[in-house]
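Participant: This is the structure I want to talk about, given as structure tokens.
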Amino acid sequence: MIGKLTGLLDTVGENWATVDVGGVGYIVFCSGRTLSVLPPLGQMVTLQIETHVREDHIHLYGFNDVTERDWFRMLTTVQGVGAKAALSIMTTLTCKEMTDAVFAKDKAIVGQANGIGPKLAQRIVSELHDKIGKLAVDGQISDFALSEESVNSFDREAVSALVNLGFSRMQAVGAVSRASQSLGPDVGLDELIKSGLKELSQ
């Protein structure tokens, strides 16, 4: 199984790129977000890879970072979400936007992606909310939904404060995520914690 590719960026298409590794060209399917940050042709590139092996093909899906790859993996565990649909979602939403949408169970945000109807969007946020909730309970949420890209330091401190007040980690993460989205990037820590408490009291 291929987990990472490093080589020269050879060609780029609508939803794929070819990476030349030692004279062998690997076709890698990518989200629009990953394609948008690739270097110029002929330059070195490193992609995190998810390998799908089927009876009739082996497909490589490439991502700019581990967090995006992990979201792709999670999305494809939902019934009805194949690789194409997952890439469409990752093209439309950032990892933080996906985290916020799942915790808030906001199907409208997920439904913005091409090919994702209301029923499928509802299934995605419902199933992933439960799965991420289990990660939170197990203390693994910081490795996934609360990656460096997903949550800033104030958010982390606010989550920690709410957990210390007796709330579960999943409750704290959801409340802080909604409060942060509502108040904007310039909010102070105290205000964020107060707003998170208000979210939890509703």
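Residue numbering restarts at 1 in every chain; chains get A, B, ... in the order shown in the structure tokens, and ligands count up from 1 in that same order.
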If DSSP is run on the backbone, what residues of stretch 45-193 of chain A are helix (DSSP H, G or I)? A reply as a PyMOL selection string would be ideal.

Facilitator: chain A and resi 66-75+83-92+95-104+107-110+118-137+141-143+153-164+169-183+189-193

Participant: Considering only C-alpha atoms, tabulate each residue of stretch 84-104 of chain A that lies at most 12 Å from stretch 10-25 of chain A along with its nearest interatomic pair and the corresponding distance in Å to one decimal; arrange the rows by chain and ascending residue number and present them as a tab-separated table.

Facilitator:
```
residue	atom	partner	partner_atom	distance
A:Lys84	CA	A:Asn15	CA	9.6
A:Leu87	CA	A:Asn15	CA	8.8
A:Ser88	CA	A:Asn15	CA	9.6
A:Met90	CA	A:Asn15	CA	11.8
A:Thr91	CA	A:Asn15	CA	9.8
```

Participant: Using only C-alpha atoms, which residues sit within 8 Å of A:Phe103 once same-chain residues fewer than 5 positions away are excluded, as a PyMOL selection string?

Facilitator: chain A and resi 125+129+173-174+177

Participant: Using only C-alpha atoms, please write the residues we just selected to a file, as a tab-separated table (two decimals), in the first residue's frame.

Facilitator:
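Result file is again.tsv:
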```tsv
chain	number	residue	atom	x	y	z
A	125	VAL	CA	-23.37	14.88	9.50
A	129	HIS	CA	-21.10	13.32	14.51
A	173	VAL	CA	-15.64	21.00	21.37
A	174	GLY	CA	-19.09	21.50	19.83
A	177	SER	CA	-16.73	25.51	17.67
```

Participant: Give me the residues within 12 Å of A:Ser195 as number ranges by chain, counting only C-alpha atoms and dropping any in the same chain fewer than 6 places off.

Facilitator: A: 155, 158-159, 162, 172, 174-184, 187-189, 201-202

Participant: As a PyMOL selection string, please: every residue in stretch 15-157 of chain A that DSSP puts in strand (DSSP E or B).

Facilitator: chain A and resi 16-21+24-30+44-53+58-63

Participant: Work out how far apart atom CA of A:Phe63 and atom CA of A:Ile49 are and give it in Å to one decimal.

Facilitator: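 Spanning atom CA of A:Phe63 to atom CA of A:Ile49 is a straight-line distance of 6.5 Å.
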
Participant: In Å, rounded to a single decimal, give me how far atom CA of A:Asn164 is from atom CA of A:Lys198.

Facilitator: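 Computing the Euclidean distance for atom CA of A:Lys198 and atom CA of A:Asn164 yields 15.9 Å.
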
Participant: Please compute the atom CA of A:Val110-atom CA of A:Thr77 distance, one decimal, in Å.

Facilitator: 15.6 Å

Participant: For A:Arg123, which residue out of A:Thr76, A:Thr46, A:Ser31, A:Asn64 is the nearest one, using only C-alpha atoms?

Facilitator: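 Closest residue, counting only C-alpha atoms: A:Thr76.
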
Participant: Which of these, A:Gly111, A:Ile2, A:Val163, A:Gln122, has the shortest distance to A:Val53 once you count only C-alpha atoms?

Facilitator: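 Answer, going by the shortest atom-to-atom distance: A:Ile2.
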
Participant: Give me the residues within 10 Å of A:His52 as JSON, numbers by chain, counting only C-alpha atoms and dropping any in the same chain fewer than 4 places off.

Facilitator: {"A": [1, 2, 57, 58, 59, 60, 61, 83]}
